[in-house]
>>> print(open('final27.cif').read())   # mmCIF, C-alpha atoms
data_protein
#
loop_
_atom_site.label_atom_id
_atom_site.label_comp_id
_atom_site.auth_asym_id
_atom_site.auth_seq_id
_atom_site.Cartn_x
_atom_site.Cartn_y
_atom_site.Cartn_z
CA MET A 1 211.70 119.81 248.59
CA ASN A 2 210.95 122.87 246.48
CA PHE A 3 207.53 122.86 244.82
CA ASP A 4 207.72 126.46 243.59
CA LEU A 5 206.95 126.92 239.92
CA SER A 6 209.65 128.05 237.52
CA GLU A 7 209.38 131.37 235.71
CA ASP A 8 208.03 129.68 232.56
CA GLU A 9 205.50 127.66 234.57
CA GLU A 10 204.32 130.81 236.35
CA MET A 11 203.87 132.44 232.95
CA LEU A 12 201.79 129.53 231.66
CA LYS A 13 199.67 129.56 234.80
CA ALA A 14 199.08 133.30 234.48
CA LEU A 15 198.18 132.89 230.81
CA ALA A 16 195.60 130.20 231.56
CA GLU A 17 194.17 132.20 234.47
CA ARG A 18 193.91 135.34 232.33
CA PHE A 19 192.05 133.37 229.67
CA VAL A 20 189.55 132.27 232.33
CA VAL A 21 189.11 135.78 233.75
CA ASP A 22 188.57 137.34 230.34
CA HIS A 23 186.27 134.71 228.81
CA TYR A 24 184.50 132.76 231.54
CA ASP A 25 181.57 133.41 233.79
CA LEU A 26 178.56 131.21 234.44
CA ASP A 27 176.44 132.63 231.62
CA SER A 28 179.30 132.37 229.15
CA ARG A 29 179.97 128.77 230.15
CA ARG A 30 176.33 127.84 229.54
CA ALA A 31 176.46 129.54 226.15
CA TYR A 32 179.65 127.69 225.18
CA LEU A 33 178.13 124.32 226.09
CA ASN A 34 175.15 125.12 223.86
CA GLU A 35 177.38 125.67 220.82
CA ALA A 36 177.12 123.08 218.04
CA HIS A 37 180.13 121.09 219.25
CA GLY A 38 179.86 121.78 222.99
CA PHE A 39 182.48 124.55 223.22
CA SER A 40 183.38 127.92 221.71
CA PRO A 41 185.23 127.80 218.34
CA ALA A 42 186.36 131.38 219.00
CA ASN A 43 187.91 130.35 222.31
CA TRP A 44 189.60 127.38 220.64
CA ALA A 45 191.18 129.67 218.04
CA LEU A 46 192.28 132.04 220.81
CA LEU A 47 193.90 129.19 222.76
CA GLY A 48 195.80 128.42 219.56
CA GLU A 49 196.96 132.04 219.26
CA LEU A 50 198.05 132.08 222.90
CA GLY A 51 200.12 128.94 222.35
CA LEU A 52 198.28 126.86 224.95
CA LEU A 53 197.26 124.28 222.33
CA ALA A 54 200.85 123.86 221.16
CA ALA A 55 202.42 123.95 224.64
CA PRO A 56 202.15 120.18 225.43
CA PHE A 57 203.98 119.20 222.21
CA ASP A 58 207.74 118.74 221.84
CA ALA A 59 209.79 121.84 221.07
CA GLU A 60 211.03 120.44 217.74
CA LEU A 61 207.40 120.19 216.64
CA GLY A 62 206.55 123.75 217.64
CA GLY A 63 205.56 123.22 221.28
CA LEU A 64 207.18 123.89 224.66
CA SER A 65 208.12 120.30 225.63
CA LEU A 66 206.19 120.66 228.88
CA ASP A 67 207.00 118.22 231.64
CA ALA A 68 204.45 116.85 234.09
CA THR A 69 204.56 120.00 236.24
CA GLY A 70 203.83 122.28 233.29
CA ILE A 71 200.93 120.14 232.12
CA ALA A 72 199.43 119.87 235.61
CA THR A 73 199.78 123.63 236.12
CA ILE A 74 197.84 124.46 232.96
CA PHE A 75 195.06 121.96 233.53
CA GLU A 76 194.59 122.83 237.17
CA ALA A 77 194.15 126.49 236.21
CA LEU A 78 191.69 125.58 233.43
CA GLY A 79 189.84 123.29 235.83
CA ARG A 80 189.48 126.07 238.37
CA GLY A 81 187.85 128.11 235.62
CA LEU A 82 185.63 125.19 234.55
CA VAL A 83 186.77 125.65 230.95
CA VAL A 84 184.78 123.52 228.48
CA GLU A 85 187.26 123.53 225.57
CA PRO A 86 188.45 119.90 225.13
CA LEU A 87 192.21 120.27 225.52
CA VAL A 88 192.61 116.93 227.29
CA GLU A 89 190.74 114.97 224.64
CA ASN A 90 191.78 116.70 221.41
CA ILE A 91 195.27 117.95 222.31
CA LEU A 92 196.87 116.02 225.14
CA GLN A 93 195.49 112.62 224.15
CA ALA A 94 194.66 112.55 220.44
CA GLY A 95 197.10 115.29 219.41
CA ARG A 96 200.13 113.97 221.27
CA LEU A 97 199.37 110.40 220.23
CA PHE A 98 199.25 111.52 216.60
CA ALA A 99 202.48 113.53 216.90
CA ALA A 100 204.30 110.61 218.50
CA THR A 101 203.19 107.95 216.05
CA ALA A 102 202.37 109.50 212.65
CA PRO A 103 204.65 108.92 209.66
CA GLU A 104 206.57 112.06 208.74
CA ALA A 105 204.53 112.96 205.64
CA LEU A 106 201.22 112.56 207.47
CA ARG A 107 202.49 114.47 210.50
CA ASP A 108 203.72 117.37 208.39
CA ALA A 109 200.32 117.62 206.69
CA TRP A 110 198.26 117.66 209.89
CA LEU A 111 200.34 118.85 212.84
CA PRO A 112 200.53 122.60 212.05
CA GLY A 113 196.72 122.74 212.05
CA LEU A 114 196.53 120.91 215.37
CA LEU A 115 198.96 123.34 216.96
CA ASP A 116 197.21 126.51 215.80
CA GLY A 117 193.67 125.19 216.37
CA SER A 118 192.53 125.13 212.76
CA LYS A 119 192.23 121.31 212.89
CA ARG A 120 191.09 118.88 215.57
CA VAL A 121 191.39 115.12 215.95
CA ALA A 122 189.62 112.82 218.41
CA PHE A 123 190.61 109.42 219.77
CA ALA A 124 188.10 106.67 218.90
CA HIS A 125 189.11 103.67 220.98
CA ALA A 126 186.62 102.43 223.62
CA GLU A 127 184.03 99.84 222.58
CA LEU A 128 180.94 98.30 224.12
CA GLY A 129 182.73 95.12 225.17
CA SER A 130 185.41 96.91 227.21
CA ARG A 131 185.12 96.96 231.00
CA GLY A 132 187.20 99.27 233.17
CA SER A 133 190.82 99.20 232.11
CA ALA A 134 190.46 96.02 230.04
CA LEU A 135 191.30 96.31 226.35
CA TRP A 136 188.58 94.89 224.14
CA LEU A 137 188.67 95.60 220.43
CA GLU A 138 186.33 94.13 217.86
CA THR A 139 186.96 96.76 215.17
CA ARG A 140 188.91 95.07 212.38
CA ALA A 141 191.47 96.30 209.87
CA THR A 142 191.98 94.27 206.70
CA ILE A 143 194.07 94.83 203.60
CA SER A 144 191.96 95.86 200.61
CA ASP A 145 192.70 96.78 197.01
CA GLY A 146 192.59 100.50 197.80
CA GLY A 147 194.45 100.42 201.12
CA ILE A 148 193.22 99.35 204.56
CA SER A 149 189.54 98.66 205.23
CA LEU A 150 188.15 99.37 208.71
CA SER A 151 184.88 98.01 210.07
CA GLY A 152 183.47 98.34 213.58
CA SER A 153 181.81 100.68 216.09
CA LYS A 154 183.18 103.22 218.55
CA PRO A 155 180.25 104.44 220.65
CA PHE A 156 182.28 106.53 223.14
CA VAL A 157 184.32 109.30 221.49
CA PRO A 158 184.50 112.36 223.79
CA ALA A 159 185.00 115.70 222.03
CA GLY A 160 184.46 113.94 218.72
CA SER A 161 181.87 116.35 217.35
CA GLY A 162 183.06 118.52 214.49
CA VAL A 163 186.58 117.11 214.33
CA ASP A 164 188.56 116.82 211.12
CA ALA A 165 189.69 113.24 211.72
CA TYR A 166 189.53 110.34 214.16
CA ILE A 167 192.38 108.21 215.41
CA VAL A 168 190.73 104.79 215.24
CA SER A 169 192.08 101.70 216.98
CA ALA A 170 191.56 98.43 215.12
CA ARG A 171 192.70 94.86 215.32
CA THR A 172 194.75 93.36 212.51
CA GLY A 173 194.37 89.88 213.98
CA GLY A 174 194.03 87.93 217.21
CA ALA A 175 191.22 87.68 219.75
CA ALA A 176 189.16 90.69 220.84
CA HIS A 177 190.80 90.74 224.29
CA SER A 178 194.40 90.34 223.09
CA LEU A 179 196.96 93.14 223.45
CA ASP A 180 198.71 92.02 220.28
CA GLU A 181 198.05 93.01 216.68
CA VAL A 182 196.46 96.37 217.48
CA ALA A 183 197.13 99.45 215.34
CA PHE A 184 195.88 103.03 215.06
CA TYR A 185 194.73 104.75 211.88
CA LEU A 186 193.98 108.37 211.04
CA VAL A 187 190.53 108.42 209.44
CA PRO A 188 189.34 111.74 207.92
CA ALA A 189 185.87 112.67 209.17
CA GLY A 190 184.36 112.72 205.69
CA SER A 191 185.50 109.26 204.67
CA PRO A 192 182.88 107.16 202.81
CA GLY A 193 181.39 104.51 205.08
CA LEU A 194 181.95 106.51 208.28
CA THR A 195 178.82 107.71 210.07
CA TYR A 196 178.43 109.32 213.47
CA ARG A 197 175.77 110.33 215.98
CA SER A 198 176.33 113.10 218.54
CA TRP A 199 175.30 112.78 222.18
CA ARG A 200 175.77 114.72 225.42
CA MET A 201 177.84 113.49 228.34
CA ALA A 202 176.80 114.13 231.96
CA ASP A 203 178.68 117.44 232.08
CA GLY A 204 177.01 118.73 228.91
CA SER A 205 180.04 118.20 226.66
CA MET A 206 179.60 116.61 223.24
CA ALA A 207 180.65 113.09 222.36
CA VAL A 208 179.94 111.00 219.29
CA ALA A 209 179.27 107.37 218.46
CA ILE A 210 180.87 106.39 215.15
CA ASP A 211 180.29 103.42 212.88
CA LEU A 212 182.78 102.29 210.28
CA ARG A 213 181.55 100.11 207.42
CA ASP A 214 184.38 99.19 205.08
CA VAL A 215 186.03 102.58 205.51
CA VAL A 216 189.13 102.57 203.33
CA VAL A 217 192.20 104.57 204.38
CA ASP A 218 195.58 104.83 202.73
CA ALA A 219 198.34 102.63 204.12
CA GLY A 220 200.23 105.84 204.92
CA ASN A 221 197.53 106.70 207.47
CA ARG A 222 198.60 103.89 209.76
CA LEU A 223 200.26 105.21 212.92
CA ASP A 224 203.25 103.51 214.52
CA GLY A 225 203.62 102.32 218.10
CA GLY A 226 200.34 100.62 218.91
CA ILE A 227 199.29 100.05 222.51
CA ALA A 228 202.76 100.85 223.88
CA ALA A 229 202.55 104.40 222.53
CA LEU A 230 199.09 104.83 224.01
CA ALA A 231 200.23 103.69 227.47
CA GLU A 232 202.81 106.46 227.69
CA ILE A 233 200.31 109.11 226.60
CA ASP A 234 197.67 107.83 229.03
CA ASP A 235 199.81 108.58 232.09
CA LEU A 236 199.95 112.26 231.15
CA VAL A 237 196.24 112.28 230.25
CA SER A 238 195.36 110.81 233.64
CA LEU A 239 197.60 113.34 235.36
CA ALA A 240 195.92 116.21 233.51
CA ARG A 241 192.43 114.94 234.37
CA SER A 242 193.37 114.67 238.05
CA ALA A 243 194.89 118.17 238.01
CA GLU A 244 191.71 119.52 236.38
CA ALA A 245 189.61 117.78 239.05
CA LEU A 246 191.76 119.34 241.78
CA GLY A 247 191.23 122.78 240.25
CA ILE A 248 187.46 122.21 240.21
CA MET A 249 187.52 120.98 243.83
CA GLU A 250 189.31 124.16 244.89
CA ARG A 251 186.81 126.30 243.00
CA LEU A 252 183.75 124.60 244.50
CA PHE A 253 185.26 124.76 247.99
CA ALA A 254 186.02 128.50 247.66
CA GLU A 255 182.53 129.27 246.30
CA THR A 256 180.91 127.34 249.14
CA GLN A 257 183.14 128.93 251.77
CA GLU A 258 182.03 132.37 250.60
CA TYR A 259 178.39 131.29 250.59
CA LEU A 260 178.58 129.95 254.16
CA ARG A 261 180.10 133.23 255.35
CA THR A 262 177.19 135.27 253.97
CA ARG A 263 174.10 133.00 254.22
CA GLU A 264 172.20 133.22 257.50
CA GLN A 265 169.92 130.70 259.19
CA PHE A 266 168.35 131.00 262.65
CA GLY A 267 169.96 134.44 262.94
CA SER A 268 173.53 133.18 262.47
CA LYS A 269 175.93 132.76 259.59
CA LEU A 270 176.05 129.17 258.35
CA ALA A 271 179.83 129.24 258.74
CA SER A 272 179.41 129.59 262.50
CA PHE A 273 177.75 126.16 262.88
CA GLN A 274 180.21 123.67 264.31
CA ALA A 275 178.87 120.70 262.34
CA ILE A 276 179.34 122.59 259.07
CA GLN A 277 182.83 123.65 260.10
CA HIS A 278 183.80 120.03 260.71
CA ARG A 279 182.46 118.95 257.32
CA MET A 280 184.28 121.76 255.54
CA VAL A 281 187.53 120.86 257.32
CA ALA A 282 187.13 117.27 256.12
CA GLN A 283 186.84 118.49 252.52
CA TYR A 284 189.75 120.89 252.93
CA THR A 285 191.78 117.91 254.08
CA ALA A 286 190.74 115.97 250.96
CA ILE A 287 191.95 118.85 248.78
CA GLU A 288 195.29 118.93 250.59
CA GLN A 289 195.67 115.16 250.28
CA SER A 290 194.94 115.44 246.56
CA ARG A 291 197.55 118.20 246.27
CA ALA A 292 200.12 116.03 248.06
CA LEU A 293 199.49 113.08 245.74
CA LEU A 294 199.72 115.37 242.72
CA ASN A 295 203.07 116.66 243.97
CA LEU A 296 204.24 113.08 244.50
CA ALA A 297 203.43 112.30 240.87
CA LEU A 298 205.23 115.44 239.68
CA VAL A 299 208.47 114.68 241.51
CA THR A 300 208.56 111.18 240.04
CA TRP A 301 208.30 112.46 236.46
CA GLY A 302 210.79 110.66 234.26
CA GLU A 303 211.26 107.84 236.76
CA PRO A 304 209.77 104.31 236.83
CA ASP A 305 207.57 105.29 239.81
CA PHE A 306 205.70 107.93 237.79
CA HIS A 307 203.14 105.48 236.42
CA GLN A 308 202.29 104.11 239.87
CA ALA A 309 202.15 107.61 241.36
CA VAL A 310 199.65 108.71 238.71
CA LEU A 311 197.53 105.62 239.38
CA GLY A 312 197.53 106.45 243.10
CA LEU A 313 196.59 110.06 242.40
CA ARG A 314 193.63 109.08 240.28
CA ALA A 315 192.53 106.35 242.71
CA PHE A 316 192.27 108.96 245.46
CA VAL A 317 191.00 111.99 243.54
CA SER A 318 188.18 110.17 241.72
CA PRO A 319 186.08 109.28 244.81
CA ALA A 320 187.26 112.28 246.87
CA SER A 321 186.13 114.76 244.23
CA ILE A 322 182.67 113.23 244.03
CA GLU A 323 182.26 113.36 247.81
CA LEU A 324 183.36 116.98 247.85
CA GLY A 325 180.86 117.83 245.13
CA HIS A 326 178.07 116.17 247.09
CA GLU A 327 178.96 118.12 250.23
CA MET A 328 179.16 121.47 248.46
CA MET A 329 175.77 120.88 246.81
CA GLN A 330 174.20 119.96 250.15
CA PHE A 331 175.41 123.20 251.74
CA HIS A 332 173.73 125.15 248.94
CA GLY A 333 170.45 123.26 249.23
CA GLY A 334 168.21 122.79 246.18
CA MET A 335 170.03 125.48 244.20
CA GLY A 336 173.21 123.46 244.41
CA VAL A 337 171.98 120.80 241.98
CA SER A 338 170.71 123.31 239.43
CA ASP A 339 172.51 124.99 236.55
CA GLU A 340 171.93 128.37 238.18
CA LEU A 341 175.08 128.02 240.30
CA ILE A 342 178.61 126.99 239.38
CA ILE A 343 178.39 124.22 242.01
CA GLY A 344 176.17 122.02 239.85
CA HIS A 345 178.30 122.62 236.76
CA GLY A 346 181.46 121.69 238.61
CA HIS A 347 180.00 118.54 240.12
CA LYS A 348 178.83 117.29 236.73
CA ARG A 349 182.30 117.78 235.32
CA LEU A 350 183.76 115.90 238.30
CA LEU A 351 181.37 113.04 237.59
CA VAL A 352 182.76 112.69 234.07
CA LEU A 353 186.38 113.06 235.16
CA SER A 354 185.98 110.43 237.87
CA ARG A 355 184.17 107.87 235.72
CA TRP A 356 185.90 108.20 232.37
CA PRO A 357 187.70 106.20 231.10
CA ASP A 358 187.19 104.04 234.21
CA ASP A 359 185.28 104.33 237.49
CA PRO A 360 186.87 104.97 240.92
CA GLU A 361 186.74 101.28 241.88
CA THR A 362 188.61 100.27 238.75
CA ALA A 363 191.13 103.06 239.30
CA LEU A 364 191.80 101.69 242.79
CA ASP A 365 192.15 98.16 241.41
CA ARG A 366 194.68 99.38 238.87
CA PHE A 367 196.68 101.10 241.61
CA ALA A 368 196.61 97.91 243.69
CA GLY A 369 197.71 95.86 240.69
CA ASN A 370 194.45 93.93 240.40
CA ALA A 371 193.40 95.22 236.97
#
>>> encode(input="final27.cif", output="structure tokens")
Amino acid sequence: MNFDLSEDEEMLKALAERFVVDHYDLDSRRAYLNEAHGFSPANWALLGELGLLAAPFDAELGGLSLDATGIATIFEALGRGLVVEPLVENILQAGRLFAATAPEALRDAWLPGLLDGSKRVAFAHAELGSRGSALWLETRATISDGGISLSGSKPFVPAGSGVDAYIVSARTGGAAHSLDEVAFYLVPAGSPGLTYRSWRMADGSMAVAIDLRDVVVDAGNRLDGGIAALAEIDDLVSLARSAEALGIMERLFAETQEYLRTREQFGSKLASFQAIQHRMVAQYTAIEQSRALLNLALVTWGEPDFHQAVLGLRAFVSPASIELGHEMMQFHGGMGVSDELIIGHGHKRLLVLSRWPDDPETALDRFAGNA
């Protein structure tokens, strides 16, 4: 089976890698994380100019209609560079969900800005009562004189700082755990009754907790599709997160391999110690297994097995990436856990990728059909 990239995919990979080379080193990454919204607005605008923000969208909307291979290629390259710009959260998840479900008038008003980077939207869905992959929604949507009134709390909104709007999930009826009667609404960030509080995730990225108290939106801001539309988007989001994790694993492994070849102890290079060699081989094997599972997901794109293949990929990569991060930090000693080396930065990002939106145990349960 041929896993070589096409000419267009090679071009996208080279574009993402050039962006990393030109704009990312450790000091720059720290500076970007310390920006007001946890990433560089200048980089975001540049990604828009390069077409990387638009690439995951359908061609008729101004994108490149990327398939699973194209998406995985981009996010693996960005992961290897430990890029902090929130493409998964604001583009692949919120942006594609909006493009797939928004009424035509609303889509025409917002989509050009999403594609060129002048606007951002975030997905406000998870609530305190949810556990793992279970859907639990207490936020309510009721008909009011002025439109639709939303009330509830969304404490976990990654990349929600500084956005122009939130896609808010709310229940129009039924019990909090029911899959029925759930809808999504585009809520502009400045809407009366909407308040938010910013907080930092484990990898230093910004998230927000939002509260909605009788926030009124126009009926035209209701998005079509409901949970079914989200399920289709989530497979690609999970694939992208796993591809990003694989890129980070490769980066940490390469950095550690170089360190072991140069660092000496007891008069010998660390790489010459047999015990260390065995441990590095085990982690190399984990990377290759992750690559194989990613390839399995890619070749099932467009088939019924794609969903299960993505679940299997995530179920393996989530715990394997954390173990690799632990090993690479141990080889570096105390410096490995600090922000002075890329190892610590990468491991923190792997922690978030492996535990959001569910932990490795839940991911395995979902793959086994128990969740």
>>> residues_around(input="final27.cif", residues="stretch 160-169 of chain A", least_positions_apart="5", cutoff="7 Å", atoms="all atoms listed in the file", output="list in words")
His37, Lys119, Arg120, Val121, Ala122, Phe123, Ala124, His125, Val182, Ala183, Phe184, Tyr185, Leu186, Val187, Pro188, Ala189, Ser198, Met206, Ala207 and Val208 of chain A
>>> closest_residue(input="final27.cif", among="A:Leu223, A:Leu5, A:Ala42, A:Ile248", to="A:Pro103", atoms="all atoms listed in the file")
A:Leu223
>>> residues_around(input="final27.cif", residues="stretch 20-25 of chain A", least_positions_apart="6", cutoff="12 Å", atoms="only C-alpha atoms", output="list of chain:residue names")
A:Lys13, A:Ala14, A:Ala31, A:Tyr32, A:Leu33, A:Phe39, A:Ser40, A:Ala42, A:Asn43, A:Trp44, A:Leu46, A:Leu47, A:Ile74, A:Phe75, A:Glu76, A:Ala77, A:Leu78, A:Gly79, A:Arg80, A:Gly81, A:Leu82, A:Val83, A:Val84, A:Glu85, A:Glu340, A:Leu341, A:Ile342, A:His345
>>> resolve_selection(input="final27.cif", expression="the PyMOL selection byres ((chain A and resi 293) around 12)", output="mmCIF file with C-alpha atoms, in the frame of the given file")
data_model
loop_
_atom_site.group_PDB
_atom_site.id
_atom_site.type_symbol
_atom_site.label_atom_id
_atom_site.label_comp_id
_atom_site.auth_asym_id
_atom_site.auth_seq_id
_atom_site.Cartn_x
_atom_site.Cartn_y
_atom_site.Cartn_z
ATOM 1 C CA LEU A 239 197.600 113.340 235.360
ATOM 2 C CA SER A 242 193.370 114.670 238.050
ATOM 3 C CA ALA A 243 194.890 118.170 238.010
ATOM 4 C CA LEU A 246 191.760 119.340 241.780
ATOM 5 C CA ALA A 286 190.740 115.970 250.960
ATOM 6 C CA ILE A 287 191.950 118.850 248.780
ATOM 7 C CA GLU A 288 195.290 118.930 250.590
ATOM 8 C CA GLN A 289 195.670 115.160 250.280
ATOM 9 C CA SER A 290 194.940 115.440 246.560
ATOM 10 C CA ARG A 291 197.550 118.200 246.270
ATOM 11 C CA ALA A 292 200.120 116.030 248.060
ATOM 12 C CA LEU A 294 199.720 115.370 242.720
ATOM 13 C CA ASN A 295 203.070 116.660 243.970
ATOM 14 C CA LEU A 296 204.240 113.080 244.500
ATOM 15 C CA ALA A 297 203.430 112.300 240.870
ATOM 16 C CA LEU A 298 205.230 115.440 239.680
ATOM 17 C CA VAL A 299 208.470 114.680 241.510
ATOM 18 C CA THR A 300 208.560 111.180 240.040
ATOM 19 C CA PHE A 306 205.700 107.930 237.790
ATOM 20 C CA GLN A 308 202.290 104.110 239.870
ATOM 21 C CA ALA A 309 202.150 107.610 241.360
ATOM 22 C CA VAL A 310 199.650 108.710 238.710
ATOM 23 C CA LEU A 311 197.530 105.620 239.380
ATOM 24 C CA GLY A 312 197.530 106.450 243.100
ATOM 25 C CA LEU A 313 196.590 110.060 242.400
ATOM 26 C CA ARG A 314 193.630 109.080 240.280
ATOM 27 C CA ALA A 315 192.530 106.350 242.710
ATOM 28 C CA PHE A 316 192.270 108.960 245.460
ATOM 29 C CA VAL A 317 191.000 111.990 243.540
#
>>> residues_around(input="final27.cif", residues="A:Arg263", least_positions_apart="5", cutoff="12 Å", atoms="only C-alpha atoms", output="VMD selection string")
chain A and resid 256 to 258 268 to 273 331 to 333
>>> atom_distance(input="final27.cif", atom1="atom CA of A:Ser144", atom2="atom CA of A:Ala105")
21.8 Å
>>> atom_distance(input="final27.cif", atom1="atom CA of A:Leu135", atom2="atom CA of A:Gly174")
12.7 Å
>>> atom_distance(input="final27.cif", atom1="atom CA of A:Ala202", atom2="atom CA of A:Val281")
28.3 Å
>>> resolve_selection(input="final27.cif", expression="the PyMOL selection byres ((chain A and resi 150) around 8)", output="list of chain:residue names")
A:Thr139, A:Arg140, A:Ala141, A:Thr142, A:Ile148, A:Ser149, A:Ser151, A:Gly152, A:Ala170, A:Leu212, A:Arg213, A:Asp214, A:Val215, A:Val216, A:Val217
>>> write_last_selection(input="final27.cif", atoms="C-alpha atoms", output="mmCIF file, in the coordinates of the input")
data_model
loop_
_atom_site.group_PDB
_atom_site.id
_atom_site.type_symbol
_atom_site.label_atom_id
_atom_site.label_comp_id
_atom_site.auth_asym_id
_atom_site.auth_seq_id
_atom_site.Cartn_x
_atom_site.Cartn_y
_atom_site.Cartn_z
ATOM 1 C CA THR A 139 186.960 96.760 215.170
ATOM 2 C CA ARG A 140 188.910 95.070 212.380
ATOM 3 C CA ALA A 141 191.470 96.300 209.870
ATOM 4 C CA THR A 142 191.980 94.270 206.700
ATOM 5 C CA ILE A 148 193.220 99.350 204.560
ATOM 6 C CA SER A 149 189.540 98.660 205.230
ATOM 7 C CA SER A 151 184.880 98.010 210.070
ATOM 8 C CA GLY A 152 183.470 98.340 213.580
ATOM 9 C CA ALA A 170 191.560 98.430 215.120
ATOM 10 C CA LEU A 212 182.780 102.290 210.280
ATOM 11 C CA ARG A 213 181.550 100.110 207.420
ATOM 12 C CA ASP A 214 184.380 99.190 205.080
ATOM 13 C CA VAL A 215 186.030 102.580 205.510
ATOM 14 C CA VAL A 216 189.130 102.570 203.330
ATOM 15 C CA VAL A 217 192.200 104.570 204.380
#
>>> decode(input="final27.cif", residues="stretch 267-273 of chain A", atoms="all heavy atoms", output="PDB file, in the first residue's frame")
ATOM      1  N   GLY A 267      32.388   9.291  32.176  1.00  0.00           N
ATOM      2  CA  GLY A 267      33.336   9.221  31.077  1.00  0.00           C
ATOM      3  C   GLY A 267      32.801   8.642  29.790  1.00  0.00           C
ATOM      4  O   GLY A 267      33.563   8.423  28.840  1.00  0.00           O
ATOM      5  N   SER A 268      31.488   8.401  29.700  1.00  0.00           N
ATOM      6  CA  SER A 268      30.904   7.812  28.498  1.00  0.00           C
ATOM      7  C   SER A 268      29.657   8.581  28.093  1.00  0.00           C
ATOM      8  O   SER A 268      28.980   9.182  28.935  1.00  0.00           O
ATOM      9  CB  SER A 268      30.537   6.342  28.725  1.00  0.00           C
ATOM     10  OG  SER A 268      31.679   5.575  29.073  1.00  0.00           O
ATOM     11  N   LYS A 269      29.369   8.549  26.805  1.00  0.00           N
ATOM     12  CA  LYS A 269      28.139   9.156  26.318  1.00  0.00           C
ATOM     13  C   LYS A 269      26.942   8.380  26.871  1.00  0.00           C
ATOM     14  O   LYS A 269      26.961   7.149  26.956  1.00  0.00           O
ATOM     15  CB  LYS A 269      28.104   9.125  24.794  1.00  0.00           C
ATOM     16  CG  LYS A 269      29.248   9.871  24.123  1.00  0.00           C
ATOM     17  CD  LYS A 269      29.055  11.362  24.214  1.00  0.00           C
ATOM     18  CE  LYS A 269      29.992  12.072  23.229  1.00  0.00           C
ATOM     19  NZ  LYS A 269      31.142  12.669  23.892  1.00  0.00           N
ATOM     20  N   LEU A 270      25.893   9.114  27.249  1.00  0.00           N
ATOM     21  CA  LEU A 270      24.701   8.449  27.783  1.00  0.00           C
ATOM     22  C   LEU A 270      24.111   7.468  26.777  1.00  0.00           C
ATOM     23  O   LEU A 270      23.555   6.430  27.156  1.00  0.00           O
ATOM     24  CB  LEU A 270      23.650   9.490  28.171  1.00  0.00           C
ATOM     25  CG  LEU A 270      23.949  10.344  29.412  1.00  0.00           C
ATOM     26  CD1 LEU A 270      22.824  11.348  29.624  1.00  0.00           C
ATOM     27  CD2 LEU A 270      24.139   9.488  30.633  1.00  0.00           C
ATOM     28  N   ALA A 271      24.242   7.767  25.501  1.00  0.00           N
ATOM     29  CA  ALA A 271      23.688   6.892  24.477  1.00  0.00           C
ATOM     30  C   ALA A 271      24.368   5.535  24.416  1.00  0.00           C
ATOM     31  O   ALA A 271      23.844   4.604  23.807  1.00  0.00           O
ATOM     32  CB  ALA A 271      23.773   7.565  23.108  1.00  0.00           C
ATOM     33  N   SER A 272      25.518   5.408  25.050  1.00  0.00           N
ATOM     34  CA  SER A 272      26.230   4.126  25.026  1.00  0.00           C
ATOM     35  C   SER A 272      25.748   3.169  26.106  1.00  0.00           C
ATOM     36  O   SER A 272      26.110   1.986  26.084  1.00  0.00           O
ATOM     37  CB  SER A 272      27.739   4.359  25.194  1.00  0.00           C
ATOM     38  OG  SER A 272      28.038   4.848  26.506  1.00  0.00           O
ATOM     39  N   PHE A 273      24.924   3.635  27.054  1.00  0.00           N
ATOM     40  CA  PHE A 273      24.447   2.773  28.137  1.00  0.00           C
ATOM     41  C   PHE A 273      23.335   1.870  27.617  1.00  0.00           C
ATOM     42  O   PHE A 273      22.344   2.331  27.050  1.00  0.00           O
ATOM     43  CB  PHE A 273      23.950   3.601  29.317  1.00  0.00           C
ATOM     44  CG  PHE A 273      25.017   4.454  29.967  1.00  0.00           C
ATOM     45  CD1 PHE A 273      24.666   5.507  30.784  1.00  0.00           C
ATOM     46  CD2 PHE A 273      26.357   4.206  29.743  1.00  0.00           C
ATOM     47  CE1 PHE A 273      25.634   6.291  31.395  1.00  0.00           C
ATOM     48  CE2 PHE A 273      27.337   4.974  30.348  1.00  0.00           C
ATOM     49  CZ  PHE A 273      26.978   6.014  31.161  1.00  0.00           C
TER      50      PHE A 273
END
